[in-house]
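**Student:** Following this message is one structure expressed as structure tokens.
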Amino acid sequence: MSESDAAQSRRAAVREIIARVIGAASAPTATPGAVAPRDGALTCALAIQEVLGYVPQESIREIAAALSVPEAQVSGSLAFYPDIHRKPTGRHHVRVCRGESCMANRAEPVVRALERALAVPLGDTTADGRFTLNGVYCVGNCAVSPTVMVDDCVHGRVTPDSVAALLDQYR
Amino acid sequence: MTTLYLSDDTSSRAAGADRLAAAWHARPDVQLVRTSSRGAFFLEPMVERDLPQGRMAWCHVEPQDLDRILAGDGGTPISAIPFLAQQQRATFANFGVTQPLSLDEYRQQGGWTALERAREMAATAVIDELRTSGLRGRGGAAFPVWQKWETARAVASPVKYVVANADEGDAGTYCDRMILEGEPYRLIEGMLICARAIGATAGAVYCRYEYPAAARRLAEALARAEAAGLLTVGGASFPIDIVRGAGSYVCGEETALLASMEGRRGEVQAKPPYPAVSGLHGAPTVVSNVLTFAMVTTILARGGAWHASLGTDFSRGTVVLQLGGRVKQPGLVEIPFGATLRDALERFGGGMAEGSTFKAVQVGGPLGSLFPEPELDIPICYGAFANRGAILGHGGVVVYDQEADMVELARHFMAFTADESCGKCTPCRIGAVRGHEILTRIQRGDGLLKDLTLLRELGETMQAASLCALGGRAPYPVLTAMEHFPEEFTGRLRPSEAAVGAVKRKP
């Protein structure tokens, strides 16, 4: 069975990203003794995720091959990190903070309101693929809590009543 | 044309600063300067302007307030805001004043003088200066900074590293984020001073995934410093890289952090060897928290003796508290060590938020102990906290009110540890899961009296036998919740058990 076009182009994208990451680390301009952490599996995976929104399964083999390490090692490393997404995520990533300051400031009703507004529980993606809802453990916005982070944007002093308007900005 | 100042910090933006910037963008009579934040987040979004009587601030500003601000109507002098006026800012002195990426402004405020001084000193003299200062690591472990540097300096190696820990994972803390976003050059300068002292060849900042804006700001600052020829040590180029984490709390522990930087699972390793001897890729590596490096810059600029003149016996200098939870005035507070917790909460926190009565305060993040009201007179210093089995950690202070359910809170802490345990050592990996199970049982009303005993014993085992502070400290918030609010736990036991518990607790 041949790979679908989509899978093929995804694999090509993954290869290209890995080559770019590893290429930057071993560039001839790199100072001897310089930190070369950019050749790590985690850095490769984060770069893939930045472009594709997640780290597709075939990335494991590609990263392992590029780094000359066993696939199990790459797989094991990536499984350790909660922010490496192994499944496609929604176009917008909604992360609601469940750190202590947010909890003290009534974040749980905000969590419930988000689940209701998006009709998915924490950890899931909406049926239309627009939003993925996750919890997060502190984004350092404790003094303006409760906090909801959408993609890279941090929203503060969120209340259950302000959730709908907040999400509308991304619809 | 009127110049207005508006913070570009993540929390200021989260409070609405960008909304103001967008609304006023097209106004030809306004020049908007985006600065770092003063850390008085309860007043954000805050807009400032210079008037003959000094710098004035308008707080909780809405877009339609612009005309009022331009007319000079209603502002408060910055010097008359008690939250700010009562602080003794040193490392955060320029916050709210300068533009984060302006090299000129950083230099005008005395930036790079510490590094220039360090370059004229012998490496051992730089370390002696830190020894005099009494600076202890601000990430949580409070290890004497000079000792770590001296260890790394004394090891002969062609390659040595300086790593800034920007993993700031403790919920309730944000001072590292503020430094990365507000004055990144202060961190860079501290790292260069360290490199000078230990003879390092390269540096890196391990920045958590949850801080995208901080990572971008730092990357831009590094690019500008590099372009200005500032990233050098001993005449050679000193590259500083940014490595991103991916949401793991335990990666704030230095050996886990280094493993993660190498692309591996963020597992803790037994020490020794210490990273200062064998760290990143086996080379001597100084790993310190962002705030620690920023304070090194302050100390080299002002002198170790100045630093040692502040604070208490074994807690020299200033403590950076980050107030959060149900206080009226959440924000960043920098004061000398020694004030009481009560004083900090009242004078800076401004008491409780509307509708809230105090129940407990947690100091030091998710691994920190809970303090009930009668214990608030504890002085804020390492010694007093250690005597109570508590920690200052990274300076996070979260206040809980009457709505906090101590059983739920305790369950949350065990769930957190179970989630974040790296799995390397058994007490933490299994202990946290069992602790979570017991607390879940109590929460749903199925707990037995012996479960409370079991929880205490489990806590003692985790404290004594865990490999790092995650497992070792995880029981503290749980056990202090049980100690100070026992009726919330016994009251949730199976009805027959609760009666036995009540009898047993009588003197």
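In the structure tokens, the first chain shown is A, the next is B, and so on; residue numbers restart at 1 for each chain, and ligands run from 1 in the order shown.
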Can you tell me which residues surround B:Gln53 at a distance of at most 12 Å, considering only C-alpha atoms, apart from same-chain residues fewer than 2 positions away, and format the answer as a PDB file with N, CA and C atoms, in the first residue's frame?

**Tutor:**
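Full text of selection.pdb as output:
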ATOM      1  N   ARG B  49       2.846  59.058  32.776  1.00  0.00           N
ATOM      2  CA  ARG B  49       3.420  60.158  32.000  1.00  0.00           C
ATOM      3  C   ARG B  49       4.200  61.071  32.941  1.00  0.00           C
ATOM      4  N   ASP B  50       5.149  61.805  32.362  1.00  0.00           N
ATOM      5  CA  ASP B  50       5.942  62.743  33.158  1.00  0.00           C
ATOM      6  C   ASP B  50       5.248  64.087  33.202  1.00  0.00           C
ATOM      7  N   LEU B  51       5.070  64.604  34.396  1.00  0.00           N
ATOM      8  CA  LEU B  51       4.522  65.944  34.577  1.00  0.00           C
ATOM      9  C   LEU B  51       5.520  66.716  35.439  1.00  0.00           C
ATOM     10  N   ARG B  55       6.683  61.694  37.891  1.00  0.00           N
ATOM     11  CA  ARG B  55       6.018  60.653  37.122  1.00  0.00           C
ATOM     12  C   ARG B  55       4.657  60.349  37.738  1.00  0.00           C
ATOM     13  N   MET B  56       3.620  60.422  36.919  1.00  0.00           N
ATOM     14  CA  MET B  56       2.256  60.181  37.391  1.00  0.00           C
ATOM     15  C   MET B  56       1.707  58.899  36.766  1.00  0.00           C
ATOM     16  N   ALA B  57       0.835  58.239  37.496  1.00  0.00           N
ATOM     17  CA  ALA B  57       0.247  56.996  37.001  1.00  0.00           C
ATOM     18  C   ALA B  57      -1.273  57.070  37.004  1.00  0.00           C
ATOM     19  N   GLY B  72      -4.064  65.639  32.056  1.00  0.00           N
ATOM     20  CA  GLY B  72      -3.369  65.592  33.343  1.00  0.00           C
ATOM     21  C   GLY B  72      -4.350  65.513  34.497  1.00  0.00           C
ATOM     22  N   GLY B  75      -4.307  61.724  37.871  1.00  0.00           N
ATOM     23  CA  GLY B  75      -3.281  60.712  38.129  1.00  0.00           C
ATOM     24  C   GLY B  75      -2.774  60.687  39.566  1.00  0.00           C
ATOM     25  N   THR B  76      -2.036  59.633  39.897  1.00  0.00           N
ATOM     26  CA  THR B  76      -1.410  59.487  41.219  1.00  0.00           C
ATOM     27  C   THR B  76       0.108  59.516  41.027  1.00  0.00           C
ATOM     28  N   PRO B  77       0.834  60.284  41.836  1.00  0.00           N
ATOM     29  CA  PRO B  77       2.298  60.210  41.714  1.00  0.00           C
ATOM     30  C   PRO B  77       2.777  58.793  42.038  1.00  0.00           C
ATOM     31  N   ILE B  78       3.694  58.277  41.236  1.00  0.00           N
ATOM     32  CA  ILE B  78       4.244  56.938  41.483  1.00  0.00           C
ATOM     33  C   ILE B  78       4.790  56.854  42.906  1.00  0.00           C
ATOM     34  N   SER B  79       5.413  57.950  43.351  1.00  0.00           N
ATOM     35  CA  SER B  79       6.031  57.955  44.683  1.00  0.00           C
ATOM     36  C   SER B  79       4.987  57.886  45.799  1.00  0.00           C
ATOM     37  N   ALA B  80       3.712  58.079  45.442  1.00  0.00           N
ATOM     38  CA  ALA B  80       2.658  58.049  46.466  1.00  0.00           C
ATOM     39  C   ALA B  80       1.898  56.730  46.458  1.00  0.00           C
TER      40      ALA B  80
END

**Student:** Please list as a VMD selection string every residue within 10 Å of stretch 308-315 of chain B, counting only C-alpha atoms and excluding residues in the same chain fewer than 2 positions away.

**Tutor:** chain B and resid 130 to 136 142 299 303 to 306 317 to 319 335 to 339 379 to 384

**Student:** With only C-alpha atoms as the atoms that count, which of A:Ala7, A:Val96, A:Val14, A:Ala143 lies nearest to chain B?

**Tutor:**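 Answer, going by the shortest atom-to-atom distance: A:Ala143.
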
**Student:** I'd like to know which of A:Val69, A:Ala127, A:Ala117, A:Ala164 is closest to chain B, using only C-alpha atoms.

**Tutor:**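 Of A:Val69, A:Ala127, A:Ala117, A:Ala164, the one nearest chain B is A:Val69, counting only C-alpha atoms.
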
**Student:** Using only C-alpha atoms, can you tell me which of B:Val47, B:Leu479, B:Ala464, B:Ala200 comes closest to chain A?

**Tutor:**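 Closest candidate: B:Ala200.
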
**Student:** What are the residues of chain A lining chain B at 9 Å or less? Count only C-alpha atoms, and put the answer as a PyMOL selection string.

**Tutor:** chain A and resi 30-44+46+73-74+76-84+98-105+136-145+147+152-157

**Student:** Would you mind telling me which residue in A:Arg106, A:Arg95, A:Arg112, A:Arg86 lies nearest to A:Gly135 when using only C-alpha atoms?

**Tutor:** A:Arg95

**Student:** When you look at B:Tyr5 with a cut-off of 12 Å (counting only C-alpha atoms), what residues show up, excluding the ones that are within fewer than 6 positions of it in the same chain? I need them as a ChimeraX atom specification.

**Tutor:** /B:17,20-21,30-38,45-50,55-58,69,96-99

**Student:** Any chance you could list, as a count of residues only, the residues in stretch 241-465 of chain B that come up helix (DSSP H, G or I) when DSSP is run on the backbone?

**Tutor:** 103

**Student:** Run DSSP on the backbone and grab whatever in chain A lands in strand (DSSP E); send it over as a ChimeraX atom specification.

**Tutor:** /A:92-97,131-136,148-150,153-155

**Student:** Deliver the residues from the most recent selection as a file, using N, CA and C atoms, as a PDB file, in the first residue's frame.

**Tutor:**
ATOM      1  N   HIS A  92      -6.615  26.437  17.366  1.00  0.00           N
ATOM      2  CA  HIS A  92      -6.242  27.262  18.512  1.00  0.00           C
ATOM      3  C   HIS A  92      -6.110  26.389  19.754  1.00  0.00           C
ATOM      4  N   HIS A  93      -5.060  26.638  20.492  1.00  0.00           N
ATOM      5  CA  HIS A  93      -4.803  25.854  21.698  1.00  0.00           C
ATOM      6  C   HIS A  93      -5.214  26.682  22.922  1.00  0.00           C
ATOM      7  N   VAL A  94      -6.264  26.246  23.579  1.00  0.00           N
ATOM      8  CA  VAL A  94      -6.765  26.952  24.762  1.00  0.00           C
ATOM      9  C   VAL A  94      -6.229  26.240  25.996  1.00  0.00           C
ATOM     10  N   ARG A  95      -5.479  26.971  26.809  1.00  0.00           N
ATOM     11  CA  ARG A  95      -4.939  26.362  28.027  1.00  0.00           C
ATOM     12  C   ARG A  95      -5.414  27.155  29.235  1.00  0.00           C
ATOM     13  N   VAL A  96      -6.105  26.479  30.103  1.00  0.00           N
ATOM     14  CA  VAL A  96      -6.631  27.155  31.290  1.00  0.00           C
ATOM     15  C   VAL A  96      -5.753  26.787  32.477  1.00  0.00           C
ATOM     16  N   CYS A  97      -5.330  27.804  33.228  1.00  0.00           N
ATOM     17  CA  CYS A  97      -4.368  27.584  34.302  1.00  0.00           C
ATOM     18  C   CYS A  97      -5.034  26.966  35.526  1.00  0.00           C
ATOM     19  N   PHE A 131     -10.663  24.282  18.229  1.00  0.00           N
ATOM     20  CA  PHE A 131     -10.027  24.475  19.534  1.00  0.00           C
ATOM     21  C   PHE A 131      -9.592  23.155  20.174  1.00  0.00           C
ATOM     22  N   THR A 132      -8.419  23.161  20.786  1.00  0.00           N
ATOM     23  CA  THR A 132      -8.039  22.093  21.711  1.00  0.00           C
ATOM     24  C   THR A 132      -8.004  22.726  23.098  1.00  0.00           C
ATOM     25  N   LEU A 133      -8.654  22.057  24.055  1.00  0.00           N
ATOM     26  CA  LEU A 133      -8.718  22.576  25.420  1.00  0.00           C
ATOM     27  C   LEU A 133      -7.833  21.744  26.337  1.00  0.00           C
ATOM     28  N   ASN A 134      -6.927  22.411  27.027  1.00  0.00           N
ATOM     29  CA  ASN A 134      -6.061  21.716  27.975  1.00  0.00           C
ATOM     30  C   ASN A 134      -5.918  22.523  29.253  1.00  0.00           C
ATOM     31  N   GLY A 135      -5.532  21.830  30.314  1.00  0.00           N
ATOM     32  CA  GLY A 135      -5.142  22.529  31.530  1.00  0.00           C
ATOM     33  C   GLY A 135      -3.658  22.851  31.419  1.00  0.00           C
ATOM     34  N   VAL A 136      -3.204  23.814  32.193  1.00  0.00           N
ATOM     35  CA  VAL A 136      -1.778  24.118  32.218  1.00  0.00           C
ATOM     36  C   VAL A 136      -1.447  24.435  33.666  1.00  0.00           C
ATOM     37  N   VAL A 148      -6.361  32.335  31.256  1.00  0.00           N
ATOM     38  CA  VAL A 148      -6.580  31.446  30.112  1.00  0.00           C
ATOM     39  C   VAL A 148      -5.609  31.878  29.026  1.00  0.00           C
ATOM     40  N   MET A 149      -4.850  30.914  28.518  1.00  0.00           N
ATOM     41  CA  MET A 149      -3.888  31.209  27.469  1.00  0.00           C
ATOM     42  C   MET A 149      -4.443  30.628  26.171  1.00  0.00           C
ATOM     43  N   VAL A 150      -4.547  31.444  25.149  1.00  0.00           N
ATOM     44  CA  VAL A 150      -4.963  30.931  23.844  1.00  0.00           C
ATOM     45  C   VAL A 150      -3.791  31.131  22.898  1.00  0.00           C
ATOM     46  N   CYS A 153      -1.134  33.877  23.538  1.00  0.00           N
ATOM     47  CA  CYS A 153      -1.683  35.084  24.152  1.00  0.00           C
ATOM     48  C   CYS A 153      -2.295  34.770  25.524  1.00  0.00           C
ATOM     49  N   VAL A 154      -1.882  35.522  26.526  1.00  0.00           N
ATOM     50  CA  VAL A 154      -2.356  35.291  27.896  1.00  0.00           C
ATOM     51  C   VAL A 154      -3.489  36.260  28.232  1.00  0.00           C
ATOM     52  N   HIS A 155      -4.602  35.707  28.688  1.00  0.00           N
ATOM     53  CA  HIS A 155      -5.738  36.525  29.110  1.00  0.00           C
ATOM     54  C   HIS A 155      -5.876  36.424  30.622  1.00  0.00           C
TER      55      HIS A 155
END

**Student:** Contacts of A:Val110 at 6 Å or less, counting only C-alpha atoms, minus same-chain residues fewer than 3 places along, as a PDB file with all heavy atoms, in the first residue's frame?

**Tutor:**
ATOM      1  N   ALA A 107     -10.645  29.618  39.636  1.00  0.00           N
ATOM      2  CA  ALA A 107     -10.405  29.172  38.263  1.00  0.00           C
ATOM      3  C   ALA A 107     -11.288  27.988  37.882  1.00  0.00           C
ATOM      4  O   ALA A 107     -11.585  27.799  36.704  1.00  0.00           O
ATOM      5  CB  ALA A 107      -8.935  28.810  38.076  1.00  0.00           C
ATOM      6  N   ALA A 113     -16.768  26.516  32.616  1.00  0.00           N
ATOM      7  CA  ALA A 113     -17.374  27.367  31.586  1.00  0.00           C
ATOM      8  C   ALA A 113     -16.746  27.109  30.217  1.00  0.00           C
ATOM      9  O   ALA A 113     -17.438  27.091  29.196  1.00  0.00           O
ATOM     10  CB  ALA A 113     -17.223  28.839  31.967  1.00  0.00           C
ATOM     11  N   THR A 159     -13.428  35.405  33.885  1.00  0.00           N
ATOM     12  CA  THR A 159     -14.546  34.909  34.687  1.00  0.00           C
ATOM     13  C   THR A 159     -15.382  33.988  33.803  1.00  0.00           C
ATOM     14  O   THR A 159     -15.256  34.031  32.578  1.00  0.00           O
ATOM     15  CB  THR A 159     -15.445  36.073  35.158  1.00  0.00           C
ATOM     16  OG1 THR A 159     -16.020  36.695  34.002  1.00  0.00           O
ATOM     17  CG2 THR A 159     -14.663  37.098  35.968  1.00  0.00           C
ATOM     18  N   PRO A 160     -16.235  33.158  34.420  1.00  0.00           N
ATOM     19  CA  PRO A 160     -17.102  32.301  33.596  1.00  0.00           C
ATOM     20  C   PRO A 160     -17.897  33.128  32.587  1.00  0.00           C
ATOM     21  O   PRO A 160     -18.127  32.691  31.457  1.00  0.00           O
ATOM     22  CB  PRO A 160     -18.009  31.630  34.627  1.00  0.00           C
ATOM     23  CG  PRO A 160     -17.194  31.600  35.876  1.00  0.00           C
ATOM     24  CD  PRO A 160     -16.374  32.864  35.856  1.00  0.00           C
TER      25      PRO A 160
END

**Student:** Give me, as a count of residues only, all polymer residues having an atom no more than 12 Å from A:Asp128, counting only C-alpha atoms and skipping those fewer than 4 positions away in the same chain.

**Tutor:** 10

**Student:** Mind giving me the straight-line distance from atom CA of A:Leu67 to atom CA of A:Ala19 in Å, one decimal?

**Tutor:**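 These two atoms are separated by 10.3 Å.
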
**Student:** Measuring atom to atom with only C-alpha atoms, identify which of B:Leu180, B:Ala125, B:Ala432, B:Ala469 is nearest to B:Ala197.

**Tutor:**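 Answer, going by the shortest atom-to-atom distance: B:Ala125.
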
**Student:** Closest to B:Glu181 among B:Asp8, B:Thr91, B:Ala465, B:Ala225, using only C-alpha atoms?

**Tutor:**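 Smallest distance to B:Glu181 is found for B:Asp8.
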